[in-house]
Amino acid sequence: MFNTTNSLSCEINICQNNGQCFLFNSSINNFTCICTRCYTDSFCQTEKYSQNLWYMGISDDKRFSNYQIIERIIGLIISIISLICNCLALQIFVCSKTIRITNLGIYLIILSLSCLIISILRGIFISIVIFNNPIQLGNVYFIFQCATIRLFASSIICCLFWLLLYIAVERILLAYSFVNLNDSRKRSIISCILLFIIIPTLTFSIIFFGSKKGNTSTDFCRLNFTSKGYIFYSIFRWFNYLIAPIASLISCICILHNLIQHRLYLTTHSETLASSVKLIISNHQDFFMVPLVFTLCIMPYFILTQIVTCSSADNFIVGKLTTIFQLLSDLALIIPFLTTVLPSKLYMEHFWEISHVGRFLIYIKTKLCTHNTSIKD
């Protein structure tokens with residue numbers, strides 16, 4: 001740490017990016033620049049972190065404040081709810097033979113399982129931060145954060161976008177009779193295996209070859225990229241966060257067009273196009289809602305990370321937006337149950353009739369009704 005007690009401030013500040021200039025022994029040639037947390041080098045002319053590490057500009061007093069603890073507790077509650085919801089969704093898709101023997105069922109099972117894994121990792125990570133001081137945890141904390149959240153979980157989140165596209169494409173193939181519902185599951189299994197090999201491999205390759213070479217594993221885990229490495233990293237993230245949702249939207253439009261044409265062919269001409277669209281979306285909201293809600297939950301935080309820089313991160317508004325958007329992205333993990341299972345009469349029937357939890361709840365309800373009846377008698 002530089003001691004400023006035996007030094008003088010420079011008459012002309014030659015340090016860049018809000019750095020502070022100090023002189024030794026009043027010598028103009030013997031100076032030192034005290035840089036802000038986002039810049040380094042002799043004149044503070046070099047950015048210390050790549051764009052993806054904008055959060056390093058947040059001061060420690062704001063990063064570990066009491067408000068942050070409350071926000072992490074809310075995040076932990078969301079993770080627990082997400083864990084329960086995905087367990088229920090996974091149980092429905094696995095227990096129902098009519099669902100799991102289809103290619104669409106395989107995609108739904110992998111989607112729920114992926115969200116379940118991320119929920120568990122998020123819950124463990126937040127619990128560690130709540131009950132321990134991250135500064136005191138040292139390298140163990142940062143390595144765990146690197147391995148789980150920044151590498152593994154971020155790769156799975158990218159896979160979720162493509163899984164939603166897989167589901168949409170499968171619906172198109174079924175709607176236009178290119179495939180049958182009970183076709184071999186080889187297509188979906190191979191597609192999922194390739195997806196979960198390609199996306200993590202590309203992620204690790206970009207990180208390994210594009211990161212600045214540090215002296216410790218903590219430096220590597222920070223994912224501090226070179227200029228070229230960050231370009232490839234940005235292209236990869238934009239490709240996953242933009243191309244896949246747009247393709248899913250186009251797929252939804254194609255399916256909606258097919259359903260409208262089919263309904264107009266079967267119904268009388270008295271029904272308007274607007275009423276047909278409204279009715280179709282209402283009856284098939286378990287399909288149309290999933291990619292829309294998932295994208296709306298994930299994209300705000302992603303866009304914020306592309307706009308905010310290290311210099312502008314230590315800001316009250318940025319801090320609050322970061323918290324809100326992060327919690328919103330955590331809510332996206334509940335989607336497989338809230339937007340796929342609950343709106344669907346078919347899936348809910350499977351829940352009450354086939355799943356262990358559903359049958360247990362019916363058993364409890366029956367016992368309570370019997371007990372109340374006996375009390376009245």
# chains A, B, ... in the order shown; residues from 1 in each chain; ligands from 1
>>> select_by_dssp(residues="segment 245-355 of chain A", states="helix (DSSP H, G or I)", output="MDAnalysis selection string")
chainID A and resid 245:266 273:283 285:307 316:341 345:353
>>> residues_around(residues="Leu53 of chain A", least_positions_apart="2", cutoff="8 Å", atoms="only C-alpha atoms", output="NGL selection string")
:A and (49-51 or 55-56 or 222-224 or 310)
>>> residues_around(residues="Ile198 of chain A", least_positions_apart="4", cutoff="12 Å", atoms="only C-alpha atoms", output="ChimeraX atom specification")
/A:155-156,158-159,162,191-194,202-205,236
>>> decode(residues="segment 258-283 of chain A", atoms="N, CA, C and O atoms", output="compact mmCIF listing (two decimals), in the first residue's frame")
# COMPACT_ATOMS: atom_id res chain seq x y z
N ASN A 258 -49.50 -22.54 -38.13
CA ASN A 258 -50.06 -23.85 -38.46
C ASN A 258 -51.35 -24.11 -37.69
O ASN A 258 -52.34 -24.61 -38.26
N LEU A 259 -51.37 -23.77 -36.39
CA LEU A 259 -52.57 -23.99 -35.58
C LEU A 259 -53.71 -23.09 -36.03
O LEU A 259 -54.89 -23.52 -36.02
N ILE A 260 -53.40 -21.87 -36.44
CA ILE A 260 -54.45 -20.95 -36.92
C ILE A 260 -55.07 -21.48 -38.21
O ILE A 260 -56.30 -21.50 -38.37
N GLN A 261 -54.22 -21.91 -39.14
CA GLN A 261 -54.71 -22.46 -40.40
C GLN A 261 -55.59 -23.69 -40.15
O GLN A 261 -56.65 -23.86 -40.79
N HIS A 262 -55.16 -24.53 -39.24
CA HIS A 262 -55.93 -25.74 -38.93
C HIS A 262 -57.27 -25.40 -38.29
O HIS A 262 -58.30 -26.00 -38.64
N ARG A 263 -57.27 -24.42 -37.40
CA ARG A 263 -58.52 -24.06 -36.73
C ARG A 263 -59.48 -23.37 -37.68
O ARG A 263 -60.69 -23.64 -37.66
N LEU A 264 -58.99 -22.47 -38.51
CA LEU A 264 -59.85 -21.78 -39.46
C LEU A 264 -60.45 -22.76 -40.46
O LEU A 264 -61.55 -22.54 -40.98
N TYR A 265 -59.73 -23.83 -40.75
CA TYR A 265 -60.24 -24.85 -41.67
C TYR A 265 -61.38 -25.65 -41.03
O TYR A 265 -62.34 -26.04 -41.72
N LEU A 266 -61.27 -25.89 -39.71
CA LEU A 266 -62.27 -26.72 -39.05
C LEU A 266 -63.47 -25.94 -38.55
O LEU A 266 -64.57 -26.48 -38.45
N THR A 267 -63.29 -24.67 -38.20
CA THR A 267 -64.37 -23.90 -37.61
C THR A 267 -65.13 -23.13 -38.68
O THR A 267 -64.73 -23.07 -39.85
N THR A 268 -66.21 -22.52 -38.25
CA THR A 268 -67.03 -21.71 -39.16
C THR A 268 -66.34 -20.39 -39.45
O THR A 268 -65.45 -19.95 -38.72
N HIS A 269 -66.79 -19.73 -40.48
CA HIS A 269 -66.18 -18.46 -40.88
C HIS A 269 -66.58 -17.31 -39.95
O HIS A 269 -66.07 -16.20 -40.11
N SER A 270 -67.49 -17.57 -39.02
CA SER A 270 -67.91 -16.51 -38.11
C SER A 270 -66.83 -16.15 -37.09
O SER A 270 -66.85 -15.07 -36.52
N GLU A 271 -65.91 -17.06 -36.86
CA GLU A 271 -64.84 -16.79 -35.89
C GLU A 271 -63.77 -15.91 -36.51
O GLU A 271 -63.25 -16.20 -37.59
N THR A 272 -63.42 -14.84 -35.82
CA THR A 272 -62.42 -13.91 -36.33
C THR A 272 -61.01 -14.44 -36.09
O THR A 272 -60.80 -15.35 -35.27
N LEU A 273 -60.07 -13.85 -36.80
CA LEU A 273 -58.67 -14.26 -36.65
C LEU A 273 -58.16 -13.96 -35.25
O LEU A 273 -57.44 -14.77 -34.65
N ALA A 274 -58.54 -12.79 -34.71
CA ALA A 274 -58.08 -12.40 -33.38
C ALA A 274 -58.57 -13.36 -32.31
O ALA A 274 -57.82 -13.75 -31.41
N SER A 275 -59.85 -13.77 -32.41
CA SER A 275 -60.39 -14.72 -31.42
C SER A 275 -59.73 -16.08 -31.55
O SER A 275 -59.51 -16.77 -30.54
N SER A 276 -59.38 -16.48 -32.79
CA SER A 276 -58.70 -17.76 -32.99
C SER A 276 -57.32 -17.73 -32.36
O SER A 276 -56.91 -18.69 -31.68
N VAL A 277 -56.59 -16.64 -32.57
CA VAL A 277 -55.24 -16.52 -31.99
C VAL A 277 -55.30 -16.53 -30.46
O VAL A 277 -54.51 -17.20 -29.79
N LYS A 278 -56.26 -15.79 -29.92
CA LYS A 278 -56.41 -15.72 -28.47
C LYS A 278 -56.73 -17.10 -27.88
O LYS A 278 -56.16 -17.50 -26.86
N LEU A 279 -57.61 -17.82 -28.54
CA LEU A 279 -57.99 -19.14 -28.05
C LEU A 279 -56.84 -20.14 -28.16
O LEU A 279 -56.60 -20.94 -27.24
N ILE A 280 -56.09 -20.08 -29.26
CA ILE A 280 -54.96 -20.99 -29.45
C ILE A 280 -53.87 -20.75 -28.42
O ILE A 280 -53.34 -21.70 -27.81
N ILE A 281 -53.54 -19.49 -28.20
CA ILE A 281 -52.50 -19.16 -27.21
C ILE A 281 -52.95 -19.57 -25.82
O ILE A 281 -52.15 -20.07 -25.00
N SER A 282 -54.24 -19.41 -25.53
CA SER A 282 -54.77 -19.81 -24.24
C SER A 282 -54.69 -21.32 -24.04
O SER A 282 -54.33 -21.81 -22.95
N ASN A 283 -54.99 -22.07 -25.08
CA ASN A 283 -54.97 -23.54 -24.98
C ASN A 283 -53.57 -24.12 -25.01
O ASN A 283 -53.34 -25.23 -24.52
